[in-house]
$ cat structure_2.txt   # compact mmCIF, C-alpha atoms
# COMPACT_ATOMS: atom_id res chain seq x y z
CA MET A 1 -0.40 34.71 -11.21
CA LYS A 2 2.69 32.61 -10.92
CA LYS A 3 3.79 31.01 -7.66
CA ARG A 4 7.19 31.96 -6.26
CA TYR A 5 9.48 30.98 -3.39
CA TRP A 6 9.78 32.89 -0.13
CA ARG A 7 12.04 32.43 2.92
CA CYS A 8 11.41 33.57 6.48
CA PHE A 9 14.43 35.62 7.53
CA ILE A 10 13.96 34.56 11.16
CA CYS A 11 13.50 30.77 11.08
CA ASN A 12 14.15 29.88 7.40
CA ASP A 13 10.70 28.42 6.72
CA ILE A 14 10.17 28.14 2.97
CA HIS A 15 6.87 29.11 1.39
CA TYR A 16 5.79 28.51 -2.22
CA GLY A 17 2.89 30.67 -3.36
CA ILE A 18 1.83 33.84 -5.14
CA ALA A 19 2.41 35.79 -1.91
CA PRO A 20 4.13 35.08 1.41
CA PRO A 21 2.21 34.53 4.67
CA GLU A 22 1.63 37.77 6.57
CA VAL A 23 2.77 36.00 9.73
CA CYS A 24 5.26 33.13 9.71
CA PRO A 25 3.38 30.05 10.97
CA THR A 26 6.51 28.73 12.69
CA CYS A 27 8.09 31.72 14.44
CA LYS A 28 5.00 33.98 14.42
CA VAL A 29 6.95 37.00 13.17
CA ALA A 30 5.07 39.39 10.87
CA ASN A 31 6.42 40.54 7.49
CA ALA A 32 9.25 38.04 7.73
CA TYR A 33 9.36 36.61 4.21
CA VAL A 34 11.76 37.56 1.46
CA GLU A 35 11.58 36.21 -2.08
CA VAL A 36 14.30 33.72 -3.03
CA THR A 37 15.16 31.78 -6.15
CA ALA A 38 13.92 28.23 -6.66
CA GLU A 39 17.51 27.03 -6.43
CA GLU A 40 18.01 28.74 -3.05
CA ALA A 41 14.69 27.39 -1.78
CA ARG A 42 15.69 23.86 -2.77
CA LYS A 43 18.95 24.21 -0.83
CA PHE A 44 17.03 25.08 2.31
CA LEU A 45 14.50 22.31 1.77
CA GLY A 46 17.04 19.67 0.83
CA GLY A 47 19.70 20.31 3.43
CA GLY A 48 17.70 19.44 6.52
CA PRO A 49 17.11 16.20 8.36
CA ASP A 50 15.44 13.36 6.50
CA THR A 51 11.70 13.72 6.99
CA THR A 52 10.63 11.02 4.52
CA PHE A 53 7.37 9.47 5.55
CA ALA A 54 7.00 5.78 6.13
CA PRO A 55 3.59 4.47 5.00
CA ALA A 56 2.31 4.54 8.57
CA ASP A 57 3.35 8.18 8.91
CA PHE A 58 1.41 9.13 5.79
CA ARG A 59 -1.68 7.50 7.17
CA LYS A 60 -1.32 9.45 10.41
CA ALA A 61 -0.77 12.62 8.39
CA ILE A 62 -3.96 12.24 6.38
CA GLU A 63 -5.90 11.33 9.51
CA ARG A 64 -4.72 14.59 11.10
CA PHE A 65 -5.52 16.39 7.85
CA THR A 66 -9.11 15.13 7.87
CA ALA A 67 -9.72 15.75 11.58
CA GLY A 68 -11.08 19.25 11.07
CA ASN A 69 -12.80 18.56 7.79
CA GLU A 70 -16.17 17.23 6.62
CA PHE A 71 -14.44 14.16 5.19
CA MET A 72 -12.45 11.33 6.72
CA VAL A 73 -10.08 8.56 5.72
CA ASN A 74 -11.98 5.57 4.35
CA PRO A 75 -12.68 3.19 7.26
CA ASP A 76 -12.53 0.17 4.91
CA GLU A 77 -9.13 -1.19 5.95
CA ALA A 78 -8.70 -3.49 2.95
CA LYS A 79 -9.43 -0.71 0.46
CA LEU A 80 -7.21 1.67 2.39
CA ALA A 81 -4.30 -0.79 2.36
CA THR A 82 -4.61 -1.24 -1.41
CA LEU A 83 -4.70 2.50 -2.01
CA LEU A 84 -1.76 3.27 0.26
CA ARG A 85 0.28 0.58 -1.47
CA GLY A 86 -0.53 2.12 -4.85
CA ILE A 87 0.23 5.64 -3.68
CA PHE A 88 3.65 4.62 -2.39
CA GLU A 89 4.46 2.51 -5.43
CA ASN A 90 3.62 5.52 -7.59
CA GLU A 91 5.92 7.68 -5.48
CA ASP A 92 8.73 5.14 -5.89
CA ASN A 93 8.18 4.63 -9.61
CA HIS A 94 6.97 8.04 -10.77
CA GLY A 95 8.21 10.57 -8.20
CA PHE A 96 4.99 11.70 -6.55
CA LYS A 97 2.15 10.16 -4.57
CA PHE A 98 -0.04 10.00 -7.65
CA CYS A 99 -3.64 8.80 -7.36
CA PRO A 100 -3.75 5.06 -8.17
CA CYS A 101 -7.06 5.54 -9.98
CA ARG A 102 -6.00 8.13 -12.52
CA LEU A 103 -3.16 8.36 -15.00
CA ARG A 104 -0.66 11.18 -15.23
CA THR A 105 -0.67 13.06 -18.51
CA LYS A 106 3.05 13.99 -18.42
CA ASP A 107 2.03 17.67 -18.25
CA TRP A 108 3.75 18.95 -15.07
CA GLU A 109 1.11 21.42 -13.90
CA GLU A 110 -1.77 19.10 -14.69
CA ASP A 111 -0.17 16.08 -13.05
CA LEU A 112 0.40 17.96 -9.80
CA ARG A 113 -3.40 17.88 -9.45
CA LEU A 114 -3.16 14.10 -9.17
CA VAL A 115 -0.93 14.12 -6.12
CA CYS A 116 -2.63 12.68 -3.05
CA PRO A 117 -4.39 14.30 -1.30
CA CYS A 118 -5.74 16.04 -4.39
CA ASN A 119 -8.42 18.74 -4.44
CA PHE A 120 -11.21 16.20 -4.68
CA THR A 121 -13.79 18.56 -3.14
CA ILE A 122 -14.45 19.97 -6.62
CA HIS A 123 -14.80 16.57 -8.27
CA GLU A 124 -18.14 15.17 -9.40
CA THR A 125 -17.74 12.13 -7.16
CA TYR A 126 -17.64 14.35 -4.06
CA LYS A 127 -19.08 17.83 -4.61
CA ASP A 128 -22.74 17.98 -3.53
CA VAL A 129 -22.83 14.17 -3.33
CA PRO A 130 -24.19 12.72 -0.07
CA GLY A 131 -21.77 9.98 0.92
CA GLY A 132 -19.40 11.31 -1.72
CA GLU A 133 -15.79 10.28 -1.92
CA CYS A 134 -12.65 11.22 -3.79
CA TRP A 135 -12.15 9.45 -7.08
CA CYS A 136 -10.10 6.64 -5.62
CA GLY A 137 -12.10 6.39 -2.39
CA LEU A 138 -9.31 7.23 0.05
CA PHE A 139 -11.40 10.08 1.47
CA VAL A 140 -15.13 9.81 2.14
CA ARG A 141 -17.64 12.38 3.34
CA ARG A 142 -18.54 12.02 7.01
CA LYS A 143 -22.13 10.93 7.65
CA MET B 1 -15.64 -7.38 -34.31
CA ALA B 2 -15.33 -4.48 -31.89
CA ARG B 3 -11.97 -4.06 -30.14
CA LEU B 4 -12.74 -3.46 -26.48
CA LEU B 5 -10.05 -2.13 -24.17
CA MET B 6 -10.09 -1.99 -20.39
CA PHE B 7 -7.60 0.39 -18.79
CA HIS B 8 -7.05 -0.43 -15.13
CA GLY B 9 -4.64 0.13 -12.25
CA ARG B 10 -3.26 -2.67 -10.11
CA GLU B 11 -3.88 -0.75 -6.87
CA CYS B 12 -7.16 0.86 -7.94
CA PRO B 13 -10.02 -0.54 -5.80
CA HIS B 14 -12.63 0.32 -8.45
CA CYS B 15 -10.66 -1.68 -11.01
CA ARG B 16 -10.34 -4.62 -8.64
CA LYS B 17 -14.10 -4.57 -8.17
CA MET B 18 -14.74 -4.45 -11.91
CA MET B 19 -12.28 -7.15 -12.93
CA PRO B 20 -14.42 -10.16 -11.82
CA LEU B 21 -17.43 -8.60 -13.56
CA VAL B 22 -15.46 -8.22 -16.77
CA GLU B 23 -14.26 -11.81 -16.53
CA LYS B 24 -17.82 -12.99 -15.88
CA LEU B 25 -19.03 -11.08 -18.93
CA GLU B 26 -16.24 -12.55 -21.04
CA ALA B 27 -17.13 -16.07 -19.91
CA GLU B 28 -20.84 -15.62 -20.53
CA SER B 29 -20.71 -13.75 -23.82
CA GLY B 30 -17.52 -14.91 -25.49
CA MET B 31 -16.37 -11.34 -25.99
CA ALA B 32 -12.88 -10.36 -24.86
CA PHE B 33 -11.47 -7.19 -23.34
CA ASP B 34 -7.88 -6.22 -23.98
CA LYS B 35 -6.88 -5.41 -20.38
CA ARG B 36 -4.14 -2.83 -19.96
CA GLU B 37 -2.61 -2.01 -16.58
CA ILE B 38 -1.47 1.60 -16.67
CA TRP B 39 0.66 2.33 -13.57
CA HIS B 40 3.19 -0.49 -13.93
CA ASP B 41 3.42 -0.68 -17.73
CA GLU B 42 4.49 2.49 -19.51
CA ALA B 43 3.50 1.20 -22.95
CA ASN B 44 -0.04 0.70 -21.68
CA ALA B 45 0.05 4.15 -20.08
CA ASP B 46 1.13 5.68 -23.39
CA LEU B 47 -1.67 3.83 -25.15
CA MET B 48 -4.22 5.27 -22.74
CA ARG B 49 -2.73 8.75 -23.15
CA SER B 50 -3.12 8.42 -26.91
CA TYR B 51 -6.87 8.26 -26.33
CA ARG B 52 -6.85 11.23 -23.94
CA PRO B 53 -9.17 13.50 -25.99
CA VAL B 54 -11.95 10.91 -26.16
CA ILE B 55 -11.49 9.56 -22.63
CA ALA B 56 -11.19 12.94 -20.90
CA ALA B 57 -14.32 14.17 -22.66
CA LYS B 58 -16.35 11.42 -21.05
CA CYS B 59 -14.52 11.06 -17.73
CA GLY B 60 -14.57 14.44 -16.04
CA GLY B 61 -11.67 15.82 -18.04
CA GLN B 62 -9.26 13.20 -16.72
CA LEU B 63 -7.66 9.89 -17.47
CA ARG B 64 -9.41 7.74 -14.92
CA VAL B 65 -9.45 4.05 -14.32
CA PRO B 66 -11.23 1.83 -14.83
CA THR B 67 -12.02 2.99 -18.35
CA PHE B 68 -13.67 0.88 -21.02
CA LEU B 69 -13.08 1.91 -24.60
CA ASN B 70 -14.17 0.72 -28.01
CA ALA B 71 -10.98 1.31 -29.98
CA ASP B 72 -12.88 1.38 -33.28
CA THR B 73 -15.59 3.89 -32.41
CA SER B 74 -13.97 5.65 -29.40
CA ASP B 75 -17.10 5.04 -27.35
CA VAL B 76 -16.07 5.31 -23.71
CA VAL B 77 -17.46 4.56 -20.30
CA CYS B 78 -15.47 4.95 -17.10
CA GLY B 79 -15.71 4.20 -13.42
CA GLU B 80 -17.24 1.52 -11.29
CA MET B 81 -20.62 0.20 -12.43
CA ASP B 82 -22.85 -2.80 -11.87
CA TYR B 83 -22.77 -5.87 -14.07
CA ASP B 84 -25.89 -4.98 -16.04
CA LYS B 85 -24.57 -1.57 -17.02
CA LEU B 86 -21.22 -3.02 -18.09
CA LYS B 87 -22.96 -5.72 -20.09
CA ALA B 88 -25.33 -3.25 -21.76
CA TRP B 89 -22.42 -1.03 -22.77
CA ALA B 90 -20.39 -3.96 -24.10
CA LEU B 91 -23.29 -5.48 -26.05
CA ALA B 92 -24.07 -2.10 -27.59
CA GLN B 93 -20.57 -2.09 -29.09
CA PHE B 94 -21.52 -5.11 -31.20
CA ALA B 95 -24.97 -3.85 -32.17
CA ASN B 96 -23.92 -2.14 -35.41
$ encode --input "structure_2.txt" --output "structure tokens"
Amino acid sequence: MKKRYWRCFICNDIHYGIAPPEVCPTCKVANAYVEVTAEEARKFLGGGPDTTFAPADFRKAIERFTAGNEFMVNPDEAKLATLLRGIFENEDNHGFKFCPCRLRTKDWEEDLRLVCPCNFTIHETYKDVPGGECWCGLFVRRK
Amino acid sequence: MARLLMFHGRECPHCRKMMPLVEKLEAESGMAFDKREIWHDEANADLMRSYRPVIAAKCGGQLRVPTFLNADTSDVVCGEMDYDKLKAWALAQFAN
């Protein structure tokens, strides 16, 4: 099934998925989403205040992301600094926070799987691996 | 003479760990790897993509770095490894 764009008619949250949330996570109203075109969704997303992350913000974001998960951000500060630099250089040069340890194929759908954080939980370096980590090592399984 | 390629990324920690091992192997054996950085050089990226079928088949379906490739035989090994494994793979490329 193909993903589509949806807009909350109460608070204008934008959702991209095969179906809208039953309850809007922002305003908590049920059955609030209406389908919109990609162009309309982009207008809502692009017209707001600048929310671009600085590198430090991204680190905080992934630390919050890992807080409730079985994995954590790699505690090796030197490795982490290298990876974050690569991720941000890739965003500057290639448009997305692509994994520094893989190469994009130039196939849109496939390359979206390389955007950090990627779904590394299915990868051979992590799945069922004690002490496993994502391919680049940004995320490691908690001991 | 086998043509050995190393695809690597400047900000890839695995590549940074492998680079001194590759240089040690080169110094000890006299063999040379053609080292291609793939995130800051689009020609190198295109070269790696041209080998996608053989690399992806051996590297979890993806174009990962570091990847070591024999350009003549398409023999591939990818990821971080110890010196002995790298050396064994490289020497095997010259066995035939």
$ axis_aligned_box --input "structure_2.txt" --around "range 86-98 of chain A" --padding-each-side "3 Å" --output "JSON"
{"center_x": 4.1, "center_y": 6.9, "center_z": -6.6, "size_x": 15.3, "size_y": 15.6, "size_z": 14.4}
$ closest_atom_pairs --input "structure_2.txt" --of "chain B" --to "chain A" --cutoff "8 Å" --atoms "all atoms listed in the file" --output "JSON lines"
{"residue": "B:His8", "atom": "CA", "partner": "A:Cys101", "partner_atom": "CA", "distance": 7.9}
{"residue": "B:Gly9", "atom": "CA", "partner": "A:Cys101", "partner_atom": "CA", "distance": 6.3}
{"residue": "B:Arg10", "atom": "CA", "partner": "A:Gly86", "partner_atom": "CA", "distance": 7.6}
{"residue": "B:Glu11", "atom": "CA", "partner": "A:Gly86", "partner_atom": "CA", "distance": 4.9}
{"residue": "B:Cys12", "atom": "CA", "partner": "A:Cys101", "partner_atom": "CA", "distance": 5.1}
{"residue": "B:Pro13", "atom": "CA", "partner": "A:Lys79", "partner_atom": "CA", "distance": 6.3}
{"residue": "B:His14", "atom": "CA", "partner": "A:Cys136", "partner_atom": "CA", "distance": 7.4}
{"residue": "B:Ile38", "atom": "CA", "partner": "A:Leu103", "partner_atom": "CA", "distance": 7.2}
{"residue": "B:Trp39", "atom": "CA", "partner": "A:Leu103", "partner_atom": "CA", "distance": 7.3}
{"residue": "B:Ala45", "atom": "CA", "partner": "A:Leu103", "partner_atom": "CA", "distance": 7.3}
{"residue": "B:Arg49", "atom": "CA", "partner": "A:Thr105", "partner_atom": "CA", "distance": 6.7}
{"residue": "B:Gly60", "atom": "CA", "partner": "A:Glu124", "partner_atom": "CA", "distance": 7.6}
{"residue": "B:Gln62", "atom": "CA", "partner": "A:Arg102", "partner_atom": "CA", "distance": 7.3}
{"residue": "B:Leu63", "atom": "CA", "partner": "A:Leu103", "partner_atom": "CA", "distance": 5.4}
{"residue": "B:Arg64", "atom": "CA", "partner": "A:Arg102", "partner_atom": "CA", "distance": 4.2}
{"residue": "B:Val65", "atom": "CA", "partner": "A:Cys101", "partner_atom": "CA", "distance": 5.2}
{"residue": "B:Pro66", "atom": "CA", "partner": "A:Cys101", "partner_atom": "CA", "distance": 7.4}
$ closest_residue --input "structure_2.txt" --among "B:Lys17, B:Leu69, B:Cys59, B:Arg52" --to "Lys35 in chain B" --atoms "only C-alpha atoms"
B:Leu69
$ atom_distance --input "structure_2.txt" --atom1 "CA of Phe120 in chain A" --atom2 "CA of Val77 in chain B"
20.5 Å
$ atom_distance --input "structure_2.txt" --atom1 "CA of Pro130 in chain A" --atom2 "CA of Phe71 in chain A"
11.2 Å
$ residues_around --input "structure_2.txt" --residues "range 24-29 of chain B" --least-positions-apart "5" --cutoff "10 Å" --atoms "all atoms listed in the file" --output "PyMOL selection string"
chain B and resi 18-19+83-84+86-87+90-91
$ atom_distance --input "structure_2.txt" --atom1 "CA of Ala57 in chain B" --atom2 "CA of Glu37 in chain B"
20.9 Å
$ build_atoms --input "structure_2.txt" --residues "range 15-31 of chain B" --atoms "N, CA and C atoms" --output "JSON list (two decimals), in the coordinates of the input"
[["chain", "number", "residue", "atom", "x", "y", "z"],
["B", 15, "CYS", "N", -11.07, -0.73, -9.98],
["B", 15, "CYS", "CA", -10.66, -1.68, -11.01],
["B", 15, "CYS", "C", -10.73, -3.11, -10.49],
["B", 16, "ARG", "N", -10.30, -3.27, -9.25],
["B", 16, "ARG", "CA", -10.34, -4.62, -8.64],
["B", 16, "ARG", "C", -11.78, -5.11, -8.52],
["B", 17, "LYS", "N", -12.70, -4.18, -8.28],
["B", 17, "LYS", "CA", -14.10, -4.57, -8.17],
["B", 17, "LYS", "C", -14.68, -4.93, -9.54],
["B", 18, "MET", "N", -14.21, -4.22, -10.57],
["B", 18, "MET", "CA", -14.74, -4.45, -11.91],
["B", 18, "MET", "C", -14.17, -5.69, -12.58],
["B", 19, "MET", "N", -12.95, -6.06, -12.22],
["B", 19, "MET", "CA", -12.28, -7.15, -12.93],
["B", 19, "MET", "C", -13.08, -8.46, -12.93],
["B", 20, "PRO", "N", -13.62, -8.91, -11.79],
["B", 20, "PRO", "CA", -14.42, -10.16, -11.82],
["B", 20, "PRO", "C", -15.67, -10.02, -12.68],
["B", 21, "LEU", "N", -16.25, -8.82, -12.73],
["B", 21, "LEU", "CA", -17.43, -8.60, -13.56],
["B", 21, "LEU", "C", -17.07, -8.69, -15.03],
["B", 22, "VAL", "N", -15.93, -8.14, -15.38],
["B", 22, "VAL", "CA", -15.46, -8.22, -16.77],
["B", 22, "VAL", "C", -15.21, -9.67, -17.15],
["B", 23, "GLU", "N", -14.56, -10.39, -16.25],
["B", 23, "GLU", "CA", -14.26, -11.81, -16.53],
["B", 23, "GLU", "C", -15.54, -12.64, -16.63],
["B", 24, "LYS", "N", -16.52, -12.31, -15.81],
["B", 24, "LYS", "CA", -17.82, -12.99, -15.88],
["B", 24, "LYS", "C", -18.48, -12.71, -17.23],
["B", 25, "LEU", "N", -18.44, -11.46, -17.65],
["B", 25, "LEU", "CA", -19.03, -11.08, -18.93],
["B", 25, "LEU", "C", -18.32, -11.79, -20.09],
["B", 26, "GLU", "N", -17.01, -11.86, -20.01],
["B", 26, "GLU", "CA", -16.24, -12.55, -21.04],
["B", 26, "GLU", "C", -16.65, -14.03, -21.12],
["B", 27, "ALA", "N", -16.79, -14.64, -19.95],
["B", 27, "ALA", "CA", -17.13, -16.07, -19.91],
["B", 27, "ALA", "C", -18.54, -16.32, -20.45],
["B", 28, "GLU", "N", -19.44, -15.43, -20.14],
["B", 28, "GLU", "CA", -20.84, -15.62, -20.53],
["B", 28, "GLU", "C", -21.10, -15.27, -21.99],
["B", 29, "SER", "N", -20.39, -14.27, -22.48],
["B", 29, "SER", "CA", -20.71, -13.75, -23.82],
["B", 29, "SER", "C", -19.74, -14.18, -24.91],
["B", 30, "GLY", "N", -18.53, -14.56, -24.50],
["B", 30, "GLY", "CA", -17.52, -14.91, -25.49],
["B", 30, "GLY", "C", -16.74, -13.72, -25.99],
["B", 31, "MET", "N", -17.14, -12.52, -25.58],
["B", 31, "MET", "CA", -16.37, -11.34, -25.99],
["B", 31, "MET", "C", -15.11, -11.24, -25.13]]
